[in-house]
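J.: Submitted below is the structure of interest, expressed as structure tokens.
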Amino acid sequence: MAINDGSKRMVVLFTTIFLVGMGFSIIMPVLPYYAESLGANAFQLGMLITVYAICQFVFAPIWGAYSDRLGRKPVLLTGILGYSFTFILFGFASQLWMLYIIRIAGGILACATMPTAMAYVGDSTSLEKRGSAMGMIGAAMGMGMVFGPAIGGILSEISLAFPFVFAGLLALVNAISVRLLLPESLPREHRVVRKIERASLLEGLRGPLVILFLCICLASIGESIHHGTFALFAEGKLSFTARDIGWAFTTAGIVMALVQGFLVGRLINRLGEEKTAATGITIMGISFVLFLYMYNIPSSIAFMAVFSAGVGLIRPSISAAVSKRTDSAQGAAMGILNGYDSLGRAIGPALGGFMLDKGLNWGYYTAIAISLLALLTLVIGRGRQRLAG
């Protein structure tokens with residue numbers, strides 16, 4: 001019975017994150033045009049992405065620590081409702097400054113979702129199954145992001161604002177299902193009773209998980225350099241249109257879901273978390289080299305598949321490693337991890353855009369260097385820890 005209950009929990013959580021990923025990605029193909037319709041230029045559009053990531057960097061550790069005290073379910077609901085209400089408000093904005101205010105509020109609230117979901121997995125799975133479970137949660141997000149952009153593109157034919165309202169209503173339905181169907185995973189007797197405060201990211205750098213935190217930050221910088229510059233790079237190199245780029249991103253979502261759903265757990269069980277993460281970073285770095293030689297739409301799709309395969313191995317394996325090395329306060333640990341992840345997402349697009357202005361290939365040169373630094377950090381850092389142990 002316990003196994004059935006655990007499986008039922010994971011199915012509900014998987015569906016929840018799938019819907020979060022779908023709702024989030026519905027707005028991806030529409031946001032640039034919607035912001036432009038309210039007077040945004042390219043820099044202002046980039047700042048809409050950056051302020052969201054900065055808010056996640058600041059507040060994800062707070063929400064993670066809060067879930068250790070209050071429980072996972074209330075904090076997860078807060079994050080999903082944050083998606084819901086801010087997306088709906090986004091659809092009714094009439095001035096550019098409103099987008100920034102709503103985007104900041106969305107970043108603060110919505111970042112409660114993923115660290116709490118990862119902590120829920122830590123509460124609900126054994127050490128042996130945790131890597132596979134983390135991979136399934138990542139696959140759920142990836143599968144949602146396969147369908148979202150296509151739905152957003154179709155809905156944008158009604159109006160540019162309608163996809164935001166639809167995504168908000170979808171999140172509201174998601175929140176209701178969580179409230180009714182998902183049980184709490186953290187019993188009261190296991191909750192951490194302490195003053196709620198932001199888990200210190202600097203403290204994380206002084207702890208035993210420092211290598212993993214630095215690695216996720218660097219890997220996230222490399223990943224987000226690509227996400228932030230790929231469209232402009234492809235347009236400048238091969239005159240790609242939005243539809244051309246859409247095929248590549250659809251492929252990315254499919255490969256991400258397949259890797260995280262079926263491959264990452266097996267690799268973790270065979271190689272361990274650190275070697276799996278190192279494999280993913282290596283593959284991601286190779287994809288950045290390949291993008292420099294992209295020559296048509298099929299090559300962009302193939303190279304995006306390589307990129308997504310690498311990224312699909314990194315985040316679940318590092319999340320599993322952090323979870324396994326945390327005896328208590330899973331929420332705080334996942335919050336700090338998510339904070340460093342968000343820091344990388346805040347740095348990457350701005351750094352990539354700056355380098356792209358210097359030269360068409362310079363964004364990818366930078367991403368390659370960052371990938372090498374992430375790999376060296378993981379390999380050398382773990383080697384030193386083994387020697388110290």
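Starting from 1 in every chain, residues are counted up; chains themselves are A, B, ... following the order of the structure tokens, and ligands are numbered from 1 as listed.
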Can you list, as a list in words, every protein, DNA or RNA residue that comes within 12 Å of A:Ser7 when you count only C-alpha atoms, leaving out same-chain residues fewer than 6 positions away?
T.: Met1, Leu13, Phe14, Val121, Ser124, Thr125, Lys129, Ala133 and Leu182 of chain A
J.: If you run DSSP on the backbone, which residues of stretch 233-327 of chain A are alpha helix (DSSP H), as a PyMOL selection string?
T.: chain A and resi 233-238+242-258+264-271+273-291+297-324
J.: Listing only residues of stretch 102-161 of chain A within 12 Å of stretch 339-357 of chain A, what is the closest atom pair and its distance in Å (to one decimal) for each, using only C-alpha atoms, sorted by chain and residue number ascending, as CSV?
T.:
residue,atom,partner,partner_atom,distance
A:Gly107,CA,A:Ser342,CA,10.4
A:Ile108,CA,A:Gly339,CA,11.8
A:Cys111,CA,A:Gly339,CA,9.2
A:Ala112,CA,A:Gly339,CA,10.9
A:Met114,CA,A:Gly339,CA,10.8
A:Pro115,CA,A:Gly339,CA,9.1
J.: Mind writing the picked residues with C-alpha atoms as a short mmCIF file (atom, residue, chain, number, x, y, z; two decimals), in the first residue's frame?
T.:
data_model
loop_
_atom_site.label_atom_id
_atom_site.label_comp_id
_atom_site.auth_asym_id
_atom_site.auth_seq_id
_atom_site.Cartn_x
_atom_site.Cartn_y
_atom_site.Cartn_z
CA GLY A 107 9.56 35.86 -10.05
CA ILE A 108 9.19 36.24 -6.30
CA CYS A 111 10.19 30.41 -7.68
CA ALA A 112 8.56 28.58 -4.76
CA MET A 114 10.66 23.90 -8.27
CA PRO A 115 12.76 23.78 -5.07
#
J.: Restricting the calculation to only C-alpha atoms: of A:Ser37, A:His226, A:Leu337, A:Trp247, which residue gets closest to A:Trp362?
T.: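 Closest residue, counting only C-alpha atoms: A:His226.
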J.: Determine, counting only C-alpha atoms, which protein, DNA and RNA residues have an atom within 8 Å of an atom of A:Ala105; residues of the same chain fewer than 4 positions away are not included. Present the result as a list in words.
T.: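 Surrounding residues, per the criterion: Gly82, Thr86, Ile101 and Leu109 of chain A.
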J.: Would you mind telling me which residue in A:Gly236, A:Gly64, A:Gly122, A:Gly228 lies nearest to A:Met47 when using only C-alpha atoms?
T.: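 Residue with the minimum atom-to-atom distance to A:Met47: A:Gly228.
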J.: Skip stretch 26-36 of chain A itself and residues of its chain fewer than 2 positions away, then list as a list in words all residues within 8 Å of it, counting only C-alpha atoms.
T.: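 Final neighbour list, sorted by chain and number: Met22, Gly23, Phe24, Leu38, Gly39, Ala40, Asn41, Leu45, Leu96, Leu99, Met145, Phe147, Gly148, Pro149, Ala150, Ile151, Gly152, Gly153, Ser156, Leu160, Ala161, Pro163, Phe164 and Ala167 of chain A.
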J.: For A:Gly285, which residue among A:Ala320, A:Ile104, A:Val255, A:Leu218 is the nearest when counting only C-alpha atoms?
T.: A:Leu218
J.: Atom CA of A:Cys215 to atom CA of A:Ala374: how many Å, to one decimal?
T.: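 Interatomic distance, atom CA of A:Cys215 to atom CA of A:Ala374: 5.3 Å.
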J.: Here is a test: counting only C-alpha atoms, which residue of A:Val192, A:Leu375, A:Leu232, A:Ala321 is nearest to A:Arg69?
T.: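 Between A:Val192, A:Leu375, A:Leu232, A:Ala321, the residue approaching A:Arg69 most closely is A:Val192.
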J.: Can you work out which one of A:Ala234, A:Ile283, A:Val178, A:Ala302 has the shortest atom-to-atom distance to A:Asn361, counting only C-alpha atoms?
T.: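 The shortest atom-to-atom distance to A:Asn361 comes from A:Ala234.
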J.: Ranking A:Thr78, A:Thr276, A:Thr229, A:Thr113 by minimum distance to A:Tyr364 and counting only C-alpha atoms, which one comes first?
T.: A:Thr229
J.: Could you name the residues that touch A:Ser323 at 9 Å or less, counting only C-alpha atoms, but leaving out those on the same chain fewer than 5 positions away, as a VMD selection string?
T.: chain A and resid 118 to 119 122 127 130 318 330 333 to 334
J.: One decimal, in Å: what's the spacing between atom CA of A:Ser300 and atom CA of A:Ile254?
T.: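 Distance between the two atoms: 14.6 Å.
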J.: Expressed in Å to a single decimal, how great is the separation between atom CA of A:Glu189 and atom CA of A:Arg72?
T.: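 Distance reported for this atom pair: 13.7 Å.
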J.: Residues within 8 Å of A:Leu48, please, as an MDAnalysis selection string. Count only C-alpha atoms; anything in the same chain fewer than 3 positions from it doesn't count.
T.: chainID A and resid 44:45 51:52 99:100 103
J.: Convert the current residue selection to file output with N, CA and C atoms, as a compact mmCIF listing (two decimals), in the first residue's frame.
T.:
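For reference, selection-v8.txt as written:
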# COMPACT_ATOMS: atom_id res chain seq x y z
N GLN A 44 15.22 46.26 -23.31
CA GLN A 44 14.14 46.21 -22.31
C GLN A 44 13.52 44.83 -22.24
N LEU A 45 13.43 44.15 -23.38
CA LEU A 45 12.93 42.78 -23.38
C LEU A 45 13.88 41.88 -22.60
N VAL A 51 15.22 40.38 -14.73
CA VAL A 51 14.63 40.70 -13.42
C VAL A 51 13.91 39.48 -12.84
N TYR A 52 13.34 38.67 -13.71
CA TYR A 52 12.67 37.45 -13.26
C TYR A 52 13.68 36.49 -12.64
N LEU A 99 4.54 45.60 -16.96
CA LEU A 99 5.14 44.29 -17.20
C LEU A 99 6.28 44.02 -16.23
N TYR A 100 7.08 45.05 -15.95
CA TYR A 100 8.20 44.88 -15.02
C TYR A 100 7.70 44.58 -13.61
N ARG A 103 6.21 41.14 -13.59
CA ARG A 103 7.28 40.14 -13.77
C ARG A 103 8.07 39.95 -12.48
J.: Can you tell me, as an mmCIF file with all heavy atoms, in the first residue's frame, what residues are no more than 10 Å from A:Glu128 when counting only C-alpha atoms, ignoring any on the same chain fewer than 3 positions away?
T.:
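Written output follows (around.cif):
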data_model
loop_
_atom_site.group_PDB
_atom_site.id
_atom_site.type_symbol
_atom_site.label_atom_id
_atom_site.label_comp_id
_atom_site.auth_asym_id
_atom_site.auth_seq_id
_atom_site.Cartn_x
_atom_site.Cartn_y
_atom_site.Cartn_z
ATOM 1 N N THR A 125 11.035 9.596 -1.684
ATOM 2 C CA THR A 125 11.723 8.515 -2.393
ATOM 3 C C THR A 125 12.927 8.022 -1.585
ATOM 4 O O THR A 125 13.488 8.742 -0.767
ATOM 5 C CB THR A 125 12.221 8.989 -3.770
ATOM 6 O OG1 THR A 125 13.079 10.131 -3.612
ATOM 7 C CG2 THR A 125 11.054 9.385 -4.656
ATOM 8 N N GLY A 131 17.507 9.591 -7.832
ATOM 9 C CA GLY A 131 18.004 10.132 -9.092
ATOM 10 C C GLY A 131 16.985 9.980 -10.210
ATOM 11 O O GLY A 131 16.747 10.909 -10.986
ATOM 12 N N SER A 132 16.370 8.798 -10.292
ATOM 13 C CA SER A 132 15.346 8.580 -11.317
ATOM 14 C C SER A 132 14.157 9.500 -11.105
ATOM 15 O O SER A 132 13.589 10.038 -12.068
ATOM 16 C CB SER A 132 14.885 7.119 -11.291
ATOM 17 O OG SER A 132 15.949 6.253 -11.616
ATOM 18 N N ALA A 133 13.767 9.679 -9.837
ATOM 19 C CA ALA A 133 12.616 10.540 -9.537
ATOM 20 C C ALA A 133 12.913 11.992 -9.899
ATOM 21 O O ALA A 133 12.052 12.699 -10.444
ATOM 22 C CB ALA A 133 12.240 10.421 -8.060
ATOM 23 N N GLY A 265 18.290 8.491 -14.845
ATOM 24 C CA GLY A 265 18.261 7.623 -13.670
ATOM 25 C C GLY A 265 19.176 6.426 -13.824
ATOM 26 O O GLY A 265 19.887 6.045 -12.889
ATOM 27 N N ILE A 268 22.806 7.598 -13.539
ATOM 28 C CA ILE A 268 23.163 7.887 -12.144
ATOM 29 C C ILE A 268 23.431 6.593 -11.388
ATOM 30 O O ILE A 268 24.395 6.488 -10.617
ATOM 31 C CB ILE A 268 22.059 8.716 -11.462
ATOM 32 C CG1 ILE A 268 22.075 10.150 -11.997
ATOM 33 C CG2 ILE A 268 22.240 8.721 -9.946
ATOM 34 C CD1 ILE A 268 20.937 11.007 -11.498
ATOM 35 N N ASN A 269 22.591 5.599 -11.604
ATOM 36 C CA ASN A 269 22.784 4.316 -10.918
ATOM 37 C C ASN A 269 24.077 3.634 -11.362
ATOM 38 O O ASN A 269 24.714 2.929 -10.571
ATOM 39 C CB ASN A 269 21.593 3.394 -11.181
ATOM 40 C CG ASN A 269 20.333 3.862 -10.481
ATOM 41 O OD1 ASN A 269 20.403 4.565 -9.462
ATOM 42 N ND2 ASN A 269 19.176 3.494 -11.010
ATOM 43 N N LYS A 324 20.868 13.725 -1.707
ATOM 44 C CA LYS A 324 21.436 12.582 -0.998
ATOM 45 C C LYS A 324 22.396 13.007 0.112
ATOM 46 O O LYS A 324 22.570 12.285 1.096
ATOM 47 C CB LYS A 324 22.165 11.670 -1.986
ATOM 48 C CG LYS A 324 21.244 10.851 -2.862
ATOM 49 C CD LYS A 324 22.039 9.901 -3.749
ATOM 50 C CE LYS A 324 21.130 9.035 -4.597
ATOM 51 N NZ LYS A 324 21.879 8.073 -5.442
#
